$ cat final_12.cif   # mmCIF, C-alpha atoms
data_final
#
loop_
_atom_site.label_atom_id
_atom_site.label_comp_id
_atom_site.auth_asym_id
_atom_site.auth_seq_id
_atom_site.Cartn_x
_atom_site.Cartn_y
_atom_site.Cartn_z
CA MET A 1 -3.47 -12.81 25.27
CA ALA A 2 -7.15 -12.13 24.64
CA PHE A 3 -8.18 -9.19 22.40
CA GLU A 4 -11.76 -10.51 22.38
CA GLY A 5 -13.22 -7.13 21.40
CA LEU A 6 -11.00 -6.91 18.33
CA PHE A 7 -11.59 -10.52 17.29
CA GLN A 8 -15.34 -9.90 17.25
CA LYS A 9 -14.66 -7.84 14.11
CA TYR A 10 -11.34 -9.11 12.68
CA ASP A 11 -10.01 -12.54 11.78
CA LYS A 12 -6.38 -11.50 12.07
CA LEU A 13 -4.28 -8.85 13.82
CA VAL A 14 -0.96 -7.88 12.24
CA LEU A 15 1.40 -5.84 14.40
CA PHE A 16 4.39 -4.47 12.51
CA ASP A 17 7.40 -2.18 12.76
CA THR A 18 9.96 -0.69 10.38
CA GLU A 19 13.50 0.62 10.57
CA THR A 20 14.34 3.25 7.97
CA THR A 21 17.22 5.29 6.60
CA GLY A 22 15.61 8.51 7.83
CA LEU A 23 12.34 10.32 8.50
CA GLN A 24 11.27 11.43 5.00
CA PHE A 25 8.51 9.05 3.89
CA SER A 26 8.82 9.66 0.16
CA ARG A 27 12.62 9.79 0.03
CA ASP A 28 14.08 7.50 2.70
CA GLU A 29 13.83 3.71 2.62
CA ILE A 30 12.77 0.83 4.84
CA ILE A 31 15.83 -1.22 5.83
CA GLU A 32 14.04 -3.71 8.10
CA PHE A 33 10.43 -4.89 8.25
CA ALA A 34 9.12 -7.08 11.06
CA ALA A 35 5.60 -8.28 11.83
CA VAL A 36 3.70 -10.58 14.15
CA VAL A 37 0.40 -12.17 13.14
CA VAL A 38 -2.09 -12.88 15.93
CA GLU A 39 -5.10 -15.13 15.31
CA GLN A 40 -7.65 -16.99 17.38
CA VAL A 41 -6.69 -20.65 17.68
CA GLY A 42 -8.88 -22.93 19.74
CA GLY A 43 -10.71 -19.96 21.19
CA SER A 44 -7.61 -18.08 22.34
CA ALA A 45 -5.41 -15.45 20.70
CA GLN A 46 -2.04 -16.81 19.64
CA VAL A 47 0.92 -15.65 17.58
CA THR A 48 0.71 -17.69 14.38
CA GLN A 49 3.52 -16.06 12.40
CA GLU A 50 6.64 -13.99 13.03
CA TYR A 51 8.34 -12.20 10.15
CA ASP A 52 11.61 -10.26 10.10
CA GLU A 53 13.70 -9.31 7.08
CA LEU A 54 16.37 -6.79 6.26
CA VAL A 55 15.50 -4.98 3.02
CA THR A 56 17.89 -4.12 0.20
CA LEU A 57 18.42 -0.48 -0.78
CA ARG A 58 17.79 1.10 -4.15
CA PRO A 59 20.89 1.59 -6.35
CA GLY A 60 22.97 4.35 -4.80
CA GLY A 61 21.12 4.14 -1.50
CA PHE A 62 22.95 4.02 1.81
CA ILE A 63 22.32 4.00 5.55
CA PRO A 64 23.54 7.20 7.26
CA PRO A 65 26.07 6.69 10.09
CA LYS A 66 23.57 7.96 12.68
CA ILE A 67 21.02 5.31 11.64
CA GLN A 68 23.70 2.61 11.62
CA GLN A 69 24.62 3.57 15.17
CA LEU A 70 20.98 3.67 16.30
CA THR A 71 19.88 0.36 14.75
CA GLY A 72 23.11 -1.59 14.45
CA ILE A 73 22.22 -2.23 10.79
CA SER A 74 25.09 -1.53 8.39
CA ASN A 75 25.22 -1.05 4.63
CA GLU A 76 27.02 -4.38 4.47
CA ASP A 77 24.19 -6.07 6.38
CA VAL A 78 21.52 -5.05 3.89
CA ARG A 79 23.78 -5.89 0.93
CA GLU A 80 24.60 -9.38 2.20
CA LYS A 81 21.43 -10.32 4.12
CA GLY A 82 18.77 -8.05 2.66
CA VAL A 83 15.75 -9.31 0.73
CA ALA A 84 14.59 -7.54 -2.42
CA LYS A 85 11.84 -4.98 -1.91
CA THR A 86 9.61 -6.75 -4.43
CA ARG A 87 9.79 -9.95 -2.38
CA VAL A 88 9.08 -8.15 0.90
CA CYS A 89 6.12 -6.39 -0.71
CA ARG A 90 4.70 -9.76 -1.86
CA ASP A 91 5.14 -11.16 1.66
CA ILE A 92 3.39 -8.13 3.14
CA SER A 93 0.49 -8.47 0.71
CA GLU A 94 0.02 -12.11 1.71
CA MET A 95 0.28 -11.27 5.41
CA PHE A 96 -2.19 -8.37 5.24
CA ALA A 97 -4.75 -10.21 3.10
CA GLY A 98 -8.22 -10.92 4.43
CA ASN A 99 -10.15 -9.39 7.29
CA THR A 100 -7.07 -7.95 8.97
CA LEU A 101 -6.47 -5.11 11.47
CA LEU A 102 -3.12 -3.35 11.00
CA ILE A 103 -1.44 -2.26 14.24
CA ALA A 104 1.72 -0.33 15.05
CA TYR A 105 3.17 1.99 17.67
CA ASN A 106 3.24 5.39 15.93
CA ALA A 107 1.35 3.79 13.06
CA HIS A 108 1.21 6.90 10.85
CA PHE A 109 5.01 6.75 10.50
CA ASP A 110 5.23 3.05 9.63
CA LEU A 111 2.19 3.10 7.35
CA SER A 112 3.54 6.10 5.44
CA PHE A 113 6.84 4.34 4.75
CA LEU A 114 5.01 1.16 3.88
CA TYR A 115 2.79 2.97 1.38
CA TYR A 116 5.75 4.43 -0.51
CA MET A 117 7.57 1.10 -0.63
CA LEU A 118 4.46 -0.64 -1.93
CA LEU A 119 3.88 2.17 -4.43
CA ARG A 120 7.32 1.61 -5.97
CA ASP A 121 7.77 -2.14 -5.58
CA GLY A 122 4.41 -3.75 -4.82
CA ASP A 123 0.70 -3.00 -4.65
CA PRO A 124 -0.35 -0.14 -2.31
CA MET A 125 -3.99 -1.17 -2.74
CA ILE A 126 -3.37 -3.86 -0.11
CA LEU A 127 -3.64 -1.06 2.46
CA LYS A 128 -6.95 0.22 1.10
CA GLY A 129 -9.93 -0.73 3.20
CA LYS A 130 -7.81 -2.09 6.04
CA ASP A 131 -8.63 -0.75 9.49
CA LYS A 132 -5.69 0.63 11.43
CA LEU A 133 -4.85 0.96 15.13
CA ASP A 134 -2.17 3.26 16.53
CA LEU A 135 -0.99 2.20 19.98
CA LEU A 136 0.89 5.49 20.48
CA THR A 137 -2.46 7.27 20.38
CA VAL A 138 -3.78 4.86 23.02
CA TYR A 139 -0.71 5.35 25.23
CA LYS A 140 -0.98 9.15 25.08
CA ASP A 141 -4.48 8.81 26.55
CA ARG A 142 -3.24 6.48 29.29
CA ARG A 143 0.01 8.10 30.53
CA SER A 144 1.69 11.49 30.75
CA TYR A 145 4.68 12.55 28.64
CA PRO A 146 7.10 11.09 27.46
CA HIS A 147 5.44 8.64 25.08
CA LYS A 148 8.14 6.61 23.35
CA LEU A 149 7.83 2.82 23.12
CA CYS A 150 10.54 2.47 25.78
CA ASN A 151 8.40 4.58 28.14
CA ALA A 152 5.40 2.30 27.55
CA ILE A 153 7.57 -0.77 28.24
CA GLU A 154 8.65 0.72 31.56
CA ALA A 155 5.19 1.96 32.52
CA TYR A 156 3.66 -1.49 32.07
CA GLY A 157 6.43 -3.30 33.95
CA LEU A 158 7.73 -5.08 30.88
CA ALA A 159 11.41 -4.16 31.22
CA GLY A 160 13.46 -7.35 31.20
CA LYS A 161 10.74 -9.19 29.27
CA VAL A 162 10.88 -7.16 26.05
CA VAL A 163 13.21 -4.47 24.74
CA ASN A 164 13.00 -1.33 22.59
CA SER A 165 16.28 -1.88 20.72
CA HIS A 166 15.51 0.05 17.51
CA ARG A 167 15.52 -3.24 15.67
CA ALA A 168 12.14 -3.92 14.10
CA VAL A 169 11.90 -7.53 15.31
CA ASP A 170 12.47 -6.57 18.96
CA ASP A 171 10.24 -3.53 18.76
CA VAL A 172 7.30 -5.39 17.24
CA LEU A 173 7.47 -8.07 19.95
CA ALA A 174 7.55 -5.27 22.51
CA THR A 175 4.50 -3.75 20.83
CA VAL A 176 2.60 -7.03 21.22
CA ALA A 177 3.39 -7.08 24.95
CA VAL A 178 2.44 -3.41 25.38
CA MET A 179 -0.87 -3.97 23.57
CA GLU A 180 -1.69 -6.92 25.79
CA ALA A 181 -0.97 -4.82 28.89
CA MET A 182 -3.11 -1.99 27.52
CA GLU A 183 -6.07 -4.30 27.05
CA LYS A 184 -5.76 -5.64 30.61
CA GLU A 185 -5.68 -2.06 31.88
CA LYS A 186 -8.76 -0.90 29.96
CA ASN A 187 -10.73 -2.78 27.33
CA ASP A 188 -11.35 0.02 24.86
CA LEU A 189 -8.81 -0.63 22.10
CA GLN A 190 -11.52 -1.12 19.48
CA ARG A 191 -12.60 2.50 20.02
CA TYR A 192 -9.22 3.72 18.73
CA VAL A 193 -9.46 1.92 15.39
CA ASN A 194 -8.89 4.42 12.54
CA LEU A 195 -8.40 7.23 15.09
CA PHE A 196 -4.93 8.80 15.25
CA GLY A 197 -3.92 11.60 17.58
CA TYR A 198 -1.44 14.34 16.76
CA HIS A 199 0.16 17.10 18.79
CA PRO A 200 -1.77 20.35 18.18
CA ALA A 201 1.46 22.36 17.87
CA TYR A 202 2.90 20.22 15.07
CA GLY A 203 -0.02 18.84 13.10
CA VAL A 204 0.03 15.64 11.03
CA GLU A 205 3.43 14.83 9.51
CA GLY A 206 3.29 14.14 5.79
CA LYS A 207 0.20 13.04 3.91
CA PRO A 208 -2.84 12.01 6.00
CA ILE A 209 -4.16 8.47 5.49
CA GLY A 210 -7.58 8.68 3.88
CA SER A 211 -9.31 6.05 6.03
CA VAL A 212 -8.03 7.53 9.31
CA THR A 213 -9.62 10.29 11.41
CA TYR A 214 -6.97 12.60 12.87
CA LYS A 215 -7.68 14.59 16.03
CA PRO A 216 -5.48 16.95 18.06
CA GLN A 217 -4.26 15.14 21.17
CA PRO A 218 -2.63 17.41 23.76
CA TYR A 219 -0.58 15.89 26.57
CA ASP A 220 -2.36 14.86 29.78
CA SER A 221 -5.90 15.28 28.49
CA PRO A 222 -8.46 13.90 30.98
CA ILE A 223 -10.86 12.90 28.19
CA PRO A 224 -10.16 9.94 25.87
CA LEU A 225 -9.62 10.99 22.29
CA TYR A 226 -12.61 8.95 21.08
CA GLU A 227 -14.93 11.00 23.32
CA LYS A 228 -13.85 14.37 21.90
#
$ encode --input "final_12.cif" --output "structure tokens"
Amino acid sequence: MAFEGLFQKYDKLVLFDTETTGLQFSRDEIIEFAAVVVEQVGGSAQVTQEYDELVTLRPGGFIPPKIQQLTGISNEDVREKGVAKTRVCRDISEMFAGNTLLIAYNAHFDLSFLYYMLLRDGDPMILKGKDKLDLLTVYKDRRSYPHKLCNAIEAYGLAGKVVNSHRAVDDVLATVAVMEAMEKEKNDLQRYVNLFGYHPAYGVEGKPIGSVTYKPQPYDSPIPLYEK
């Protein structure tokens, strides 16, 4: 694990993933939040923290059967094992503090859900001024369709080492491995910071993030998005 180009600018990399009750950022809820903190220790990049918590639902909230089947997370799980949103928001604020780069696979989705949870139960200002890296945008420049996390795992020969299980803790560890493979393939990750691609036919879903530049990213483009 190297990421030398990123560590020239950032003290800490936080890769994170969410599981949610649905796809509507402002209405649905995060039911699991997982993150991995990567820092330079003794001159090399190392995982210094792993975080994974189920998150309690608002009064009257529930996990639809389809989401329970997909994630394996039940209403009973979040009732019995879930941590209060206010506590998770405090933990996130501590984790994201400082000169930190925020990283996710399909980052617009996770950041949108995170913003609404912080808006209700924490401090959304923790996201302000933080640079952001979307590894889905990178992967779309590297490989042809399809572009799910499971496709990236297979393309980089990581099957059997990590898994895309639709549990946030597994998916964030898979994201770390995919990012490491991406850097070994081509050392240009820093050029994708605050640059998110979107399919020209569908546009940006939900509210754009103010600090991010969004560009149309058709499938199988021969030119990297940062050169367009």
$ closest_atom_pairs --input "final_12.cif" --of "stretch 52-167 of chain A" --to "stretch 1-20 of chain A" --cutoff "9 Å" --atoms "all atoms listed in the file" --output "tab-separated table"
residue	atom	partner	partner_atom	distance
A:Ile63	CA	A:Thr20	CA	8.4
A:Ile67	CA	A:Thr20	CA	7.9
A:Thr71	CA	A:Glu19	CA	7.6
A:Met95	CA	A:Val14	CA	7.7
A:Phe96	CA	A:Val14	CA	7.1
A:Gly98	CA	A:Asp11	CA	7.7
A:Asn99	CA	A:Asp11	CA	5.5
A:Thr100	CA	A:Lys12	CA	4.8
A:Leu101	CA	A:Leu13	CA	4.9
A:Leu102	CA	A:Val14	CA	5.2
A:Ile103	CA	A:Leu15	CA	4.6
A:Ala104	CA	A:Phe16	CA	5.5
A:Tyr105	CA	A:Asp17	CA	7.7
A:Ala107	CA	A:Asp17	CA	8.5
A:Phe109	CA	A:Thr18	CA	8.9
A:Asp110	CA	A:Thr18	CA	6.1
A:Phe113	CA	A:Thr18	CA	8.2
A:Leu114	CA	A:Thr18	CA	8.4
A:His166	CA	A:Glu19	CA	7.2
A:Arg167	CA	A:Glu19	CA	6.7
$ residues_around --input "final_12.cif" --residues "A:Lys148" --least-positions-apart "3" --cutoff "12 Å" --atoms "all atoms listed in the file" --output "count of residues only"
21
$ residues_around --input "final_12.cif" --residues "stretch 121-126 of chain A" --least-positions-apart "4" --cutoff "9 Å" --atoms "only C-alpha atoms" --output "ChimeraX atom specification"
/A:85-90,92-93,96-97,114-117,130
$ closest_residue --input "final_12.cif" --among "A:Leu158, A:Phe196, A:Leu118, A:Leu173" --to "A:Gln49" --atoms "only C-alpha atoms"
A:Leu173
$ closest_residue --input "final_12.cif" --among "A:Lys128, A:Leu149, A:Ala201, A:Gly157" --to "A:Asp170" --atoms "all atoms listed in the file"
A:Leu149
$ atom_distance --input "final_12.cif" --atom1 "atom CA of A:Lys81" --atom2 "atom CA of A:Leu54"
6.5 Å
$ residues_around --input "final_12.cif" --residues "A:Gly206" --least-positions-apart "3" --cutoff "9 Å" --atoms "only C-alpha atoms" --output "PyMOL selection string"
chain A and resi 24-25+109+112
$ decode --input "final_12.cif" --residues "stretch 52-118 of chain A" --atoms "C-alpha atoms" --output "PDB file, in the first residue's frame"
ATOM      1  CA  ASP A  52     -18.232  -0.514  11.452  1.00  0.00           C
ATOM      2  CA  GLU A  53     -21.561   0.159  13.150  1.00  0.00           C
ATOM      3  CA  LEU A  54     -25.192  -0.611  12.504  1.00  0.00           C
ATOM      4  CA  VAL A  55     -27.269   2.558  12.872  1.00  0.00           C
ATOM      5  CA  THR A  56     -30.643   2.859  14.596  1.00  0.00           C
ATOM      6  CA  LEU A  57     -33.671   4.025  12.621  1.00  0.00           C
ATOM      7  CA  ARG A  58     -35.838   7.045  13.305  1.00  0.00           C
ATOM      8  CA  PRO A  59     -39.132   6.340  15.134  1.00  0.00           C
ATOM      9  CA  GLY A  60     -41.417   4.539  12.710  1.00  0.00           C
ATOM     10  CA  GLY A  61     -38.566   3.708  10.355  1.00  0.00           C
ATOM     11  CA  PHE A  62     -38.101   0.221   8.947  1.00  0.00           C
ATOM     12  CA  ILE A  63     -35.927  -1.735   6.526  1.00  0.00           C
ATOM     13  CA  PRO A  64     -37.863  -2.902   3.443  1.00  0.00           C
ATOM     14  CA  PRO A  65     -37.825  -6.687   2.807  1.00  0.00           C
ATOM     15  CA  LYS A  66     -35.804  -6.222  -0.398  1.00  0.00           C
ATOM     16  CA  ILE A  67     -33.050  -4.374   1.499  1.00  0.00           C
ATOM     17  CA  GLN A  68     -33.095  -6.985   4.270  1.00  0.00           C
ATOM     18  CA  GLN A  69     -32.599  -9.686   1.660  1.00  0.00           C
ATOM     19  CA  LEU A  70     -29.826  -7.749  -0.103  1.00  0.00           C
ATOM     20  CA  THR A  71     -27.819  -6.800   3.006  1.00  0.00           C
ATOM     21  CA  GLY A  72     -28.803  -9.434   5.539  1.00  0.00           C
ATOM     22  CA  ILE A  73     -29.562  -6.601   7.976  1.00  0.00           C
ATOM     23  CA  SER A  74     -32.937  -6.954   9.706  1.00  0.00           C
ATOM     24  CA  ASN A  75     -35.084  -4.511  11.657  1.00  0.00           C
ATOM     25  CA  GLU A  76     -34.250  -6.554  14.736  1.00  0.00           C
ATOM     26  CA  ASP A  77     -30.518  -6.162  14.054  1.00  0.00           C
ATOM     27  CA  VAL A  78     -30.630  -2.373  14.058  1.00  0.00           C
ATOM     28  CA  ARG A  79     -32.928  -2.319  17.107  1.00  0.00           C
ATOM     29  CA  GLU A  80     -30.702  -4.609  19.171  1.00  0.00           C
ATOM     30  CA  LYS A  81     -27.219  -3.786  17.836  1.00  0.00           C
ATOM     31  CA  GLY A  82     -27.623  -0.349  16.283  1.00  0.00           C
ATOM     32  CA  VAL A  83     -25.847   2.752  17.559  1.00  0.00           C
ATOM     33  CA  ALA A  84     -27.679   6.068  17.818  1.00  0.00           C
ATOM     34  CA  LYS A  85     -27.271   8.373  14.841  1.00  0.00           C
ATOM     35  CA  THR A  86     -25.958  11.159  17.075  1.00  0.00           C
ATOM     36  CA  ARG A  87     -23.135   8.904  18.270  1.00  0.00           C
ATOM     37  CA  VAL A  88     -22.257   7.757  14.739  1.00  0.00           C
ATOM     38  CA  CYS A  89     -22.221  11.386  13.586  1.00  0.00           C
ATOM     39  CA  ARG A  90     -19.793  12.293  16.397  1.00  0.00           C
ATOM     40  CA  ASP A  91     -17.552   9.368  15.441  1.00  0.00           C
ATOM     41  CA  ILE A  92     -17.614  10.440  11.794  1.00  0.00           C
ATOM     42  CA  SER A  93     -16.717  14.015  12.721  1.00  0.00           C
ATOM     43  CA  GLU A  94     -13.703  12.792  14.696  1.00  0.00           C
ATOM     44  CA  MET A  95     -12.644  10.439  11.905  1.00  0.00           C
ATOM     45  CA  PHE A  96     -12.952  13.064   9.161  1.00  0.00           C
ATOM     46  CA  ALA A  97     -11.202  15.833  11.121  1.00  0.00           C
ATOM     47  CA  GLY A  98      -7.948  17.301   9.886  1.00  0.00           C
ATOM     48  CA  ASN A  99      -6.318  17.248   6.478  1.00  0.00           C
ATOM     49  CA  THR A 100      -8.369  14.308   5.235  1.00  0.00           C
ATOM     50  CA  LEU A 101      -9.323  12.980   1.776  1.00  0.00           C
ATOM     51  CA  LEU A 102     -12.752  11.306   1.674  1.00  0.00           C
ATOM     52  CA  ILE A 103     -12.959   8.282  -0.633  1.00  0.00           C
ATOM     53  CA  ALA A 104     -15.765   5.964  -1.693  1.00  0.00           C
ATOM     54  CA  TYR A 105     -16.878   3.822  -4.615  1.00  0.00           C
ATOM     55  CA  ASN A 106     -19.829   5.746  -6.080  1.00  0.00           C
ATOM     56  CA  ALA A 107     -19.003   8.557  -3.668  1.00  0.00           C
ATOM     57  CA  HIS A 108     -21.866  10.858  -4.687  1.00  0.00           C
ATOM     58  CA  PHE A 109     -24.345   8.298  -3.312  1.00  0.00           C
ATOM     59  CA  ASP A 110     -22.613   7.769   0.031  1.00  0.00           C
ATOM     60  CA  LEU A 111     -21.790  11.441   0.535  1.00  0.00           C
ATOM     61  CA  SER A 112     -25.384  12.448  -0.175  1.00  0.00           C
ATOM     62  CA  PHE A 113     -26.722  10.059   2.466  1.00  0.00           C
ATOM     63  CA  LEU A 114     -24.013  11.140   4.870  1.00  0.00           C
ATOM     64  CA  TYR A 115     -24.897  14.809   4.405  1.00  0.00           C
ATOM     65  CA  TYR A 116     -28.559  14.257   5.281  1.00  0.00           C
ATOM     66  CA  MET A 117     -27.720  12.175   8.346  1.00  0.00           C
ATOM     67  CA  LEU A 118     -25.282  14.821   9.567  1.00  0.00           C
TER      68      LEU A 118
END
